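Heads up: the structure comes next, in structure tokens.
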Amino acid sequence: MNHKFALFAVCAILCGSLSACADSSDSDHVATGSAPSSSSTSGQQPTADSAGQSGTDGSPQAAVIPKGGGKFSAEKALYEIYSRTDIGDEEKVAQMMRQIAGINWTTYNQISGQKSLETVEYLYNQLDKIETGDYPNIVRADNGTDGASAESYAAILAELYTREPSKFIEALAGLKTPSQIESVVSHLAYGLSYQDTAQIKAKLEQLKQTGSLSEGERKVADQLLDRLDHPY
């Protein structure tokens with residue numbers, strides 16, 4: 001009798017231990033499954049390669065401005081915005097203006113399949129969608145322009161300057177180096193040379209006399225006045 005009782009007690013203990021292990025395993029499984037996976041696609045940020053593409057649910061994604069994603073990242077992002085077909089011209093130009101500062105058009109030409117001229121001409125045809133607040137960005141986009149693209153870029157600058165001279169001069173004065181200012185002033189003077197330069201100079205002199213220009217802006221105005229005498 002004592003042996004049977006002892007055997008029964010051992011079985012009971014073993015069964016209880018197995019049951020406890022099973023409960024612990026289930027509990028661990030539930031806890032693990034309840035937490036969202038760190039690799040969930042819903043938490044991923046789109047990369048520059050996804051700019052201008054549609055999401056997996058068919059909805060358009062906004063263009064992504066990459067953060068130091070390689071030598072061609074800025075130019076690549078601009079081209080992907082320009083290539084988008086899922087947005088209208090107004091939104092496309094707005095996105096391009098946010099990306100265009102510091103662009104090198106020679107690099108852009110390489111990664112876009114020789115579409116620098118096409119892109120600059122597109123912006124010229126959409127001048128009415130470029131805002132005054134975009135002036136600081138557009139004046140920082142003269143790097144690497146050449147030939148026809150340089151002429152189209154100069155035409156853009158001339159039209160924007162004519163629209164609001166004081167705001168454009170303000171944007172020019174905000175450039176970091178004298179060489180940058182000289183380069184953009186040169187493009188601008190070339191673009192303005194197709195207009196009545198005498199009238200442009202008269203208005204610029206008048207603007208200087210109003211006293212509304214800062215010292216830096218007056219220097220830019222003087223540079224432009226001088227350059228208008230020999231724009232080529």
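The chains in the structure tokens are called A, B, ... from first to last as shown; in each chain the residues are counted from 1, and the ligands are counted from 1 in the order shown.
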For Ile138 in chain A, find every residue with an atom within 8 Å (counting only C-alpha atoms), except residues of its own chain fewer than 6 positions away, and show them as number ranges by chain.
A: 97, 100-101
Env of Ser149 in chain A: 9 Å cut, atoms = only C-alpha atoms, seq-sep filter 6 positions within chain, self excluded. Answer as a VMD selection string.
chain A and resid 105 116 to 121
Let's have the selection written as a CSV table (one decimal), in the first residue's frame, with N, CA and C atoms.
chain,number,residue,atom,x,y,z
A,105,TRP,N,23.7,70.9,-62.3
A,105,TRP,CA,23.0,70.4,-63.5
A,105,TRP,C,23.8,69.5,-64.3
A,116,SER,N,18.6,67.8,-68.5
A,116,SER,CA,18.7,69.1,-67.8
A,116,SER,C,18.0,70.2,-68.5
A,117,LEU,N,18.2,70.3,-69.8
A,117,LEU,CA,17.5,71.3,-70.6
A,117,LEU,C,16.0,71.2,-70.6
A,118,GLU,N,15.6,69.9,-70.7
A,118,GLU,CA,14.1,69.7,-70.7
A,118,GLU,C,13.5,70.1,-69.3
A,119,THR,N,14.2,69.8,-68.2
A,119,THR,CA,13.7,70.2,-66.9
A,119,THR,C,13.7,71.7,-66.7
A,120,VAL,N,14.8,72.4,-67.1
A,120,VAL,CA,14.9,73.8,-66.9
A,120,VAL,C,13.8,74.5,-67.8
A,121,GLU,N,13.6,74.0,-69.0
A,121,GLU,CA,12.5,74.6,-69.8
A,121,GLU,C,11.2,74.3,-69.2
Interatomic distance, CA of Tyr190 in chain A to CA of Leu160 in chain A (Å, one decimal)
13.5 Å
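The residue that comes closest to Leu123 in chain A, out of A:Lys176, A:Arg98, A:Lys92, A:Arg140 and on the basis of only C-alpha atoms, is A:Lys92.
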Between CA of Asp229 in chain A and CA of Leu213 in chain A lies a distance of 21.7 Å
Name all residues at most 10 Å from Leu228 in chain A (count only C-alpha atoms; drop same-chain ones fewer than 3 positions away) and give them as a PDB file with C-alpha atoms, in the first residue's frame.
ATOM      1  CA  VAL A 185      24.230  88.178 -61.392  1.00  0.00           C
ATOM      2  CA  SER A 186      25.973  87.201 -64.614  1.00  0.00           C
ATOM      3  CA  LEU A 188      20.549  87.411 -64.545  1.00  0.00           C
ATOM      4  CA  ALA A 189      22.141  90.206 -66.591  1.00  0.00           C
ATOM      5  CA  TYR A 190      22.276  87.937 -69.622  1.00  0.00           C
ATOM      6  CA  GLY A 191      18.584  87.141 -69.253  1.00  0.00           C
ATOM      7  CA  LEU A 192      17.690  90.814 -68.787  1.00  0.00           C
ATOM      8  CA  SER A 193      19.695  91.785 -71.874  1.00  0.00           C
ATOM      9  CA  THR A 197      18.076  97.400 -70.212  1.00  0.00           C
ATOM     10  CA  ALA A 198      17.888 101.209 -70.003  1.00  0.00           C
ATOM     11  CA  ILE A 200      15.680  98.149 -66.077  1.00  0.00           C
ATOM     12  CA  LYS A 201      18.643 100.255 -64.934  1.00  0.00           C
ATOM     13  CA  ASP A 222      25.535  97.946 -58.076  1.00  0.00           C
ATOM     14  CA  GLN A 223      26.941  94.664 -59.391  1.00  0.00           C
ATOM     15  CA  LEU A 224      23.868  94.165 -61.526  1.00  0.00           C
ATOM     16  CA  LEU A 225      23.985  97.738 -62.852  1.00  0.00           C
ATOM     17  CA  PRO A 231      26.079  91.172 -70.105  1.00  0.00           C
ATOM     18  CA  TYR A 232      27.830  88.851 -72.587  1.00  0.00           C
TER      19      TYR A 232
END
